[in-house]
Amino acid sequence: MLTQVAEGVLVHQSALLENNTVVVEGGDGVLLVDPGITGGEMACLAQDLSESGRPVVAGFATHPDWDHVLWHTELGDAPRYGTARCAEYLRDLRSNADWRTGVAEGLPPEIAGEVPLELFGLITGLPAGTTRIPWDGPPIRIVEHPAHAPGHAALLIEERGVLVAGDMLSDVLVPMFGDNGDPVEDYLAGLRVIEDLAGDVDVVVPGHGAVGGAGEMQARIDLDRAYVHALRDGRTPNDPRIGPPAKPGWEWVSDLHAGQSQRLARRQPSASRHDAEFP
């Protein structure tokens, strides 16, 4: 199930949404970032890791979207970390008596019956301002930023030159905005934070889609920024992830784009006030 992308860093990609689960090898076992989205995938991953003598000693959720906060009993009871804001969001969600129904209704119908929700969202929030994952393995920097979702964080595996980007820098998904604050400003700020890491990155692993090799990170940042600028300015993006150039099977991203373009237009009827701030 696993493909090595750097020394001690492996990736498994889910079939349906091309979710990338990242495995980082440490001294006593592995760190598991954003596990797969079906019970079968996670059970298979757990078996592969167990048979190779690599127990799961820690987990990390890059952000609180449903497909990044799942877990399976066979992966064990290792601590599952996230940023403080990510964990707070999930605590609030789970505090609602009908949270399970709400999450289930948002699952893709193709796999709705295959997604285990028993351990959904049980994330331990690291203290605000924490910059390293607490584990016995290569140093991993936590890079929190305001784009896409509350408490979203990228992870920089410094000694390996690998950036785990969460739901950004995808070759199949356009930037997806959060619901609070100023979604354009927040996304552009997140891109700037990530761009500051570019010189230390040889491999970028997005939450969905293909892993990017050396030199691709800046191109993906530029593509995401151009998309955000186009929506900010009320223009139609020239983006290969939407319209006829979209990857087969991902045509639905055009509908996602149309929907959020309309929502952004309603929230920001005049984009001109951003022009000077975000050229």
# chains A, B, ... in the order shown; residues from 1 in each chain; ligands from 1
$ residues_around --residues "Gly161 of chain A" --least-positions-apart "5" --cutoff "10 Å" --atoms "only C-alpha atoms" --output "tab-separated table (two decimals) with C-alpha atoms, in the first residue's frame"
chain	number	residue	atom	x	y	z
A	6	ALA	CA	11.86	10.25	0.74
A	7	GLU	CA	14.04	8.42	3.23
A	156	LEU	CA	7.76	20.14	7.46
A	197	LEU	CA	9.36	27.13	3.47
A	198	ALA	CA	9.94	26.52	-0.23
A	199	GLY	CA	13.72	26.62	-0.02
A	200	ASP	CA	13.69	23.71	2.45
A	201	VAL	CA	11.32	21.46	0.47
A	202	ASP	CA	12.19	18.78	-2.09
A	203	VAL	CA	8.90	16.86	-1.96
A	204	VAL	CA	5.39	18.23	-1.40
A	214	ALA	CA	11.74	18.91	-6.54
$ select_by_dssp --residues "segment 25-200 of chain A" --states "strand (DSSP E)" --output "NGL selection string"
:A and (25 or 30-33 or 56-60 or 80-82 or 124-125 or 140-144 or 153-157 or 162-164)
$ write_last_selection --atoms "N, CA and C atoms" --output "PDB file, in the first residue's frame"
ATOM      1  N   GLU A  25       8.733   7.306   9.520  1.00  0.00           N
ATOM      2  CA  GLU A  25       9.384   6.329  10.387  1.00  0.00           C
ATOM      3  C   GLU A  25      10.198   7.032  11.464  1.00  0.00           C
ATOM      4  N   VAL A  30       6.004   4.529  13.938  1.00  0.00           N
ATOM      5  CA  VAL A  30       5.723   5.530  12.908  1.00  0.00           C
ATOM      6  C   VAL A  30       4.719   6.562  13.379  1.00  0.00           C
ATOM      7  N   LEU A  31       4.845   7.737  12.767  1.00  0.00           N
ATOM      8  CA  LEU A  31       3.836   8.791  12.872  1.00  0.00           C
ATOM      9  C   LEU A  31       2.923   8.651  11.668  1.00  0.00           C
ATOM     10  N   LEU A  32       1.615   8.694  11.904  1.00  0.00           N
ATOM     11  CA  LEU A  32       0.626   8.532  10.852  1.00  0.00           C
ATOM     12  C   LEU A  32      -0.140   9.842  10.697  1.00  0.00           C
ATOM     13  N   VAL A  33      -0.032  10.453   9.525  1.00  0.00           N
ATOM     14  CA  VAL A  33      -0.666  11.752   9.273  1.00  0.00           C
ATOM     15  C   VAL A  33      -1.858  11.552   8.347  1.00  0.00           C
ATOM     16  N   VAL A  56       2.228   2.033  15.129  1.00  0.00           N
ATOM     17  CA  VAL A  56       1.868   3.453  15.117  1.00  0.00           C
ATOM     18  C   VAL A  56       2.056   4.002  16.527  1.00  0.00           C
ATOM     19  N   VAL A  57       2.953   4.988  16.671  1.00  0.00           N
ATOM     20  CA  VAL A  57       3.224   5.553  17.990  1.00  0.00           C
ATOM     21  C   VAL A  57       2.627   6.950  18.145  1.00  0.00           C
ATOM     22  N   ALA A  58       2.190   7.565  17.045  1.00  0.00           N
ATOM     23  CA  ALA A  58       1.565   8.887  17.110  1.00  0.00           C
ATOM     24  C   ALA A  58       0.813   9.141  15.817  1.00  0.00           C
ATOM     25  N   GLY A  59      -0.185  10.000  15.916  1.00  0.00           N
ATOM     26  CA  GLY A  59      -0.930  10.433  14.742  1.00  0.00           C
ATOM     27  C   GLY A  59      -0.997  11.949  14.721  1.00  0.00           C
ATOM     28  N   PHE A  60      -1.332  12.495  13.555  1.00  0.00           N
ATOM     29  CA  PHE A  60      -1.516  13.946  13.440  1.00  0.00           C
ATOM     30  C   PHE A  60      -2.571  14.219  12.388  1.00  0.00           C
ATOM     31  N   ARG A  80      -3.250  11.084  19.139  1.00  0.00           N
ATOM     32  CA  ARG A  80      -3.522  11.681  17.832  1.00  0.00           C
ATOM     33  C   ARG A  80      -3.547  13.192  18.013  1.00  0.00           C
ATOM     34  N   TYR A  81      -2.542  13.863  17.481  1.00  0.00           N
ATOM     35  CA  TYR A  81      -2.370  15.285  17.728  1.00  0.00           C
ATOM     36  C   TYR A  81      -2.975  16.139  16.616  1.00  0.00           C
ATOM     37  N   GLY A  82      -3.172  17.380  16.958  1.00  0.00           N
ATOM     38  CA  GLY A  82      -3.566  18.423  16.023  1.00  0.00           C
ATOM     39  C   GLY A  82      -3.290  19.751  16.690  1.00  0.00           C
ATOM     40  N   THR A 124      -6.054  15.225  20.168  1.00  0.00           N
ATOM     41  CA  THR A 124      -5.463  15.920  21.301  1.00  0.00           C
ATOM     42  C   THR A 124      -4.821  17.204  20.805  1.00  0.00           C
ATOM     43  N   GLY A 125      -5.338  18.324  21.262  1.00  0.00           N
ATOM     44  CA  GLY A 125      -4.794  19.597  20.821  1.00  0.00           C
ATOM     45  C   GLY A 125      -3.462  19.897  21.495  1.00  0.00           C
ATOM     46  N   ILE A 140       9.853  17.319  13.209  1.00  0.00           N
ATOM     47  CA  ILE A 140       8.771  17.710  12.307  1.00  0.00           C
ATOM     48  C   ILE A 140       8.197  19.031  12.791  1.00  0.00           C
ATOM     49  N   ARG A 141       8.319  20.049  11.963  1.00  0.00           N
ATOM     50  CA  ARG A 141       7.851  21.379  12.322  1.00  0.00           C
ATOM     51  C   ARG A 141       6.369  21.520  11.999  1.00  0.00           C
ATOM     52  N   ILE A 142       5.620  22.061  12.923  1.00  0.00           N
ATOM     53  CA  ILE A 142       4.199  22.347  12.726  1.00  0.00           C
ATOM     54  C   ILE A 142       4.082  23.794  12.259  1.00  0.00           C
ATOM     55  N   VAL A 143       3.473  23.993  11.090  1.00  0.00           N
ATOM     56  CA  VAL A 143       3.379  25.331  10.500  1.00  0.00           C
ATOM     57  C   VAL A 143       1.887  25.666  10.354  1.00  0.00           C
ATOM     58  N   GLU A 144       1.348  26.300  11.380  1.00  0.00           N
ATOM     59  CA  GLU A 144      -0.077  26.644  11.372  1.00  0.00           C
ATOM     60  C   GLU A 144      -0.310  27.927  10.585  1.00  0.00           C
ATOM     61  N   ALA A 153      -2.708  23.110   9.567  1.00  0.00           N
ATOM     62  CA  ALA A 153      -1.254  23.131   9.701  1.00  0.00           C
ATOM     63  C   ALA A 153      -0.610  22.293   8.611  1.00  0.00           C
ATOM     64  N   ALA A 154       0.462  22.806   8.070  1.00  0.00           N
ATOM     65  CA  ALA A 154       1.354  21.995   7.251  1.00  0.00           C
ATOM     66  C   ALA A 154       2.430  21.419   8.166  1.00  0.00           C
ATOM     67  N   LEU A 155       3.049  20.328   7.731  1.00  0.00           N
ATOM     68  CA  LEU A 155       4.143  19.723   8.488  1.00  0.00           C
ATOM     69  C   LEU A 155       5.386  19.699   7.621  1.00  0.00           C
ATOM     70  N   LEU A 156       6.487  20.186   8.164  1.00  0.00           N
ATOM     71  CA  LEU A 156       7.763  20.138   7.460  1.00  0.00           C
ATOM     72  C   LEU A 156       8.660  19.104   8.138  1.00  0.00           C
ATOM     73  N   ILE A 157       8.924  18.007   7.435  1.00  0.00           N
ATOM     74  CA  ILE A 157       9.841  16.980   7.921  1.00  0.00           C
ATOM     75  C   ILE A 157      11.229  17.434   7.499  1.00  0.00           C
ATOM     76  N   VAL A 162      10.555  17.172   3.203  1.00  0.00           N
ATOM     77  CA  VAL A 162       9.191  16.843   2.796  1.00  0.00           C
ATOM     78  C   VAL A 162       8.209  17.790   3.475  1.00  0.00           C
ATOM     79  N   LEU A 163       7.309  18.372   2.688  1.00  0.00           N
ATOM     80  CA  LEU A 163       6.224  19.184   3.226  1.00  0.00           C
ATOM     81  C   LEU A 163       4.913  18.427   3.065  1.00  0.00           C
ATOM     82  N   VAL A 164       4.233  18.172   4.169  1.00  0.00           N
ATOM     83  CA  VAL A 164       2.880  17.617   4.159  1.00  0.00           C
ATOM     84  C   VAL A 164       1.946  18.821   4.201  1.00  0.00           C
TER      85      VAL A 164
END
$ select_by_dssp --residues "segment 94-237 of chain A" --states "alpha helix (DSSP H)" --output "ChimeraX atom specification"
/A:94,99-105,183-195,216-232
$ closest_residue --among "A:Val205, A:Met217, A:Ala258, A:Ala46" --to "Val9 of chain A" --atoms "only C-alpha atoms"
A:Val205
$ residues_around --residues "Ala246 of chain A" --least-positions-apart "6" --cutoff "10 Å" --atoms "only C-alpha atoms" --output "list in words"
Asp171, Val172, Leu173, Asp239, Pro240, Trp252, Val253 and Ser254 of chain A
$ closest_atom_pairs --of "segment 178-205 of chain A" --to "segment 224-231 of chain A" --cutoff "9 Å" --atoms "only C-alpha atoms" --output "Markdown table"
| residue | atom | partner | partner_atom | distance |
| --- | --- | --- | --- | --- |
| A:Val184 | CA | A:Val228 | CA | 6.7 |
| A:Tyr187 | CA | A:Val228 | CA | 7.7 |
| A:Leu188 | CA | A:Arg225 | CA | 6.8 |
| A:Leu191 | CA | A:Arg225 | CA | 7.3 |
$ atom_distance --atom1 "atom CA of Arg85 of chain A" --atom2 "atom CA of Trp66 of chain A"
15.2 Å
$ closest_residue --among "A:Asp28, A:Glu216, A:Asp182, A:Glu88" --to "Pro55 of chain A" --atoms "only C-alpha atoms"
A:Asp28
$ decode --residues "segment 84-110 of chain A" --atoms "N, CA, C and O atoms" --output "mmCIF file, in the first residue's frame"
data_model
loop_
_atom_site.group_PDB
_atom_site.id
_atom_site.type_symbol
_atom_site.label_atom_id
_atom_site.label_comp_id
_atom_site.auth_asym_id
_atom_site.auth_seq_id
_atom_site.Cartn_x
_atom_site.Cartn_y
_atom_site.Cartn_z
ATOM 1 N N ALA A 84 -4.254 23.320 18.518
ATOM 2 C CA ALA A 84 -5.272 23.608 19.528
ATOM 3 C C ALA A 84 -6.595 23.999 18.888
ATOM 4 O O ALA A 84 -7.672 23.568 19.329
ATOM 5 N N ARG A 85 -6.555 24.808 17.830
ATOM 6 C CA ARG A 85 -7.785 25.246 17.167
ATOM 7 C C ARG A 85 -8.473 24.085 16.463
ATOM 8 O O ARG A 85 -9.704 24.001 16.446
ATOM 9 N N CYS A 86 -7.703 23.202 15.866
ATOM 10 C CA CYS A 86 -8.278 22.018 15.220
ATOM 11 C C CYS A 86 -9.019 21.171 16.247
ATOM 12 O O CYS A 86 -10.172 20.769 16.026
ATOM 13 N N ALA A 87 -8.379 20.902 17.373
ATOM 14 C CA ALA A 87 -9.001 20.076 18.405
ATOM 15 C C ALA A 87 -10.237 20.753 18.994
ATOM 16 O O ALA A 87 -11.252 20.092 19.268
ATOM 17 N N GLU A 88 -10.171 22.061 19.187
ATOM 18 C CA GLU A 88 -11.326 22.789 19.727
ATOM 19 C C GLU A 88 -12.518 22.696 18.777
ATOM 20 O O GLU A 88 -13.666 22.486 19.212
ATOM 21 N N TYR A 89 -12.267 22.864 17.495
ATOM 22 C CA TYR A 89 -13.339 22.756 16.501
ATOM 23 C C TYR A 89 -14.009 21.386 16.584
ATOM 24 O O TYR A 89 -15.247 21.272 16.556
ATOM 25 N N LEU A 90 -13.206 20.344 16.689
ATOM 26 C CA LEU A 90 -13.752 18.988 16.714
ATOM 27 C C LEU A 90 -14.484 18.697 18.029
ATOM 28 O O LEU A 90 -15.502 17.999 18.024
ATOM 29 N N ARG A 91 -14.001 19.248 19.133
ATOM 30 C CA ARG A 91 -14.730 19.089 20.399
ATOM 31 C C ARG A 91 -16.104 19.727 20.309
ATOM 32 O O ARG A 91 -17.107 19.152 20.767
ATOM 33 N N ASP A 92 -16.151 20.917 19.724
ATOM 34 C CA ASP A 92 -17.441 21.588 19.577
ATOM 35 C C ASP A 92 -18.367 20.773 18.686
ATOM 36 O O ASP A 92 -19.576 20.642 18.972
ATOM 37 N N LEU A 93 -17.831 20.240 17.603
ATOM 38 C CA LEU A 93 -18.654 19.434 16.690
ATOM 39 C C LEU A 93 -19.216 18.207 17.407
ATOM 40 O O LEU A 93 -20.416 17.914 17.325
ATOM 41 N N ARG A 94 -18.363 17.494 18.132
ATOM 42 C CA ARG A 94 -18.785 16.269 18.804
ATOM 43 C C ARG A 94 -19.690 16.533 20.010
ATOM 44 O O ARG A 94 -20.339 15.612 20.508
ATOM 45 N N SER A 95 -19.732 17.769 20.467
ATOM 46 C CA SER A 95 -20.600 18.091 21.601
ATOM 47 C C SER A 95 -22.073 18.120 21.214
ATOM 48 O O SER A 95 -22.950 18.077 22.085
ATOM 49 N N ASN A 96 -22.354 18.192 19.923
ATOM 50 C CA ASN A 96 -23.739 18.149 19.450
ATOM 51 C C ASN A 96 -24.240 16.713 19.470
ATOM 52 O O ASN A 96 -23.558 15.795 19.008
ATOM 53 N N ALA A 97 -25.422 16.511 19.998
ATOM 54 C CA ALA A 97 -25.950 15.157 20.160
ATOM 55 C C ALA A 97 -26.073 14.420 18.840
ATOM 56 O O ALA A 97 -25.926 13.193 18.787
ATOM 57 N N ASP A 98 -26.333 15.136 17.761
ATOM 58 C CA ASP A 98 -26.530 14.493 16.460
ATOM 59 C C ASP A 98 -25.325 14.651 15.548
ATOM 60 O O ASP A 98 -25.462 14.621 14.318
ATOM 61 N N TRP A 99 -24.123 14.832 16.114
ATOM 62 C CA TRP A 99 -22.940 15.080 15.276
ATOM 63 C C TRP A 99 -22.706 13.948 14.283
ATOM 64 O O TRP A 99 -22.327 14.185 13.139
ATOM 65 N N ARG A 100 -22.951 12.713 14.732
ATOM 66 C CA ARG A 100 -22.684 11.575 13.858
ATOM 67 C C ARG A 100 -23.571 11.617 12.616
ATOM 68 O O ARG A 100 -23.123 11.329 11.501
ATOM 69 N N THR A 101 -24.828 11.997 12.802
ATOM 70 C CA THR A 101 -25.740 12.098 11.665
ATOM 71 C C THR A 101 -25.285 13.174 10.696
ATOM 72 O O THR A 101 -25.270 12.979 9.474
ATOM 73 N N GLY A 102 -24.858 14.308 11.226
ATOM 74 C CA GLY A 102 -24.405 15.385 10.369
ATOM 75 C C GLY A 102 -23.172 15.011 9.567
ATOM 76 O O GLY A 102 -23.083 15.309 8.370
ATOM 77 N N VAL A 103 -22.218 14.339 10.215
ATOM 78 C CA VAL A 103 -21.008 13.921 9.504
ATOM 79 C C VAL A 103 -21.357 12.894 8.435
ATOM 80 O O VAL A 103 -20.885 12.968 7.292
ATOM 81 N N ALA A 104 -22.207 11.920 8.789
ATOM 82 C CA ALA A 104 -22.571 10.861 7.846
ATOM 83 C C ALA A 104 -23.254 11.416 6.612
ATOM 84 O O ALA A 104 -23.038 10.934 5.489
ATOM 85 N N GLU A 105 -24.075 12.447 6.789
ATOM 86 C CA GLU A 105 -24.776 13.034 5.652
ATOM 87 C C GLU A 105 -23.826 13.726 4.688
ATOM 88 O O GLU A 105 -24.138 13.897 3.503
ATOM 89 N N GLY A 106 -22.650 14.123 5.160
ATOM 90 C CA GLY A 106 -21.696 14.796 4.303
ATOM 91 C C GLY A 106 -20.697 13.877 3.621
ATOM 92 O O GLY A 106 -19.852 14.340 2.851
ATOM 93 N N LEU A 107 -20.799 12.565 3.870
ATOM 94 C CA LEU A 107 -19.850 11.629 3.272
ATOM 95 C C LEU A 107 -20.195 11.345 1.813
ATOM 96 O O LEU A 107 -21.370 11.355 1.441
ATOM 97 N N PRO A 108 -19.203 11.070 0.973
ATOM 98 C CA PRO A 108 -19.495 10.673 -0.399
ATOM 99 C C PRO A 108 -20.348 9.411 -0.405
ATOM 100 O O PRO A 108 -20.036 8.446 0.304
ATOM 101 N N PRO A 109 -21.426 9.377 -1.165
ATOM 102 C CA PRO A 109 -22.322 8.213 -1.128
ATOM 103 C C PRO A 109 -21.640 6.918 -1.527
ATOM 104 O O PRO A 109 -22.041 5.842 -1.065
ATOM 105 N N GLU A 110 -20.590 7.012 -2.341
ATOM 106 C CA GLU A 110 -19.909 5.795 -2.795
ATOM 107 C C GLU A 110 -19.286 5.012 -1.641
ATOM 108 O O GLU A 110 -19.118 3.790 -1.725
#
